[in-house]
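Asks: Sharing a structure here in structure tokens format.
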Amino acid sequence: RRLRVRLWEDFEGMTLQRVIGERLLVLRGLSGLTRQHAADLAGCNRMLLYNYERGKYQPRLDLLQKILRVYGCSLSQFFAKWENGEPVA
């Protein structure tokens, strides 16, 4: 499955909720985890993760950190500029 990855500049005009959602979706795709498995590892339910990925809801900071830990990504990497579909270290 091919992932559609946006450049940071492409997020202009989008809500933070939507940016977070798109990045979570990309990270999950890169991890190869199903939504259910990722949600189980993060300690949330699958539908909540789905709504975060769709940009419908914005996760609390503590839950966002748990989700990012599952993907091996820090908060600073998550909000930094990305290149080639991955956070720049």
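Following the order of the structure tokens, first chain is A, next is B, and so on, with residues numbered from 1 inside each chain and ligands from 1 in the order they appear.
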So which residues touch stretch 39-53 of chain A within 8 Å, counting only C-alpha atoms, skipping near sequence neighbours fewer than 4 positions away, as a PyMOL selection string?

Replies: chain A and resi 17-18+20-25+35+57-59+63+66-67+69-70

Asks: Would you please work out which residue, of A:Ser74, A:Gly32, A:His37, A:Arg54, is nearest to A:Leu16 when using only C-alpha atoms?

Replies: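 Using only C-alpha atoms, the shortest distance to A:Leu16 belongs to A:Arg54.
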
Asks: Quick one: DSSP helix (DSSP H, G or I) residues in stretch 45-84 of chain A, as a PyMOL selection string?

Replies: chain A and resi 46-53+61-71+75-79
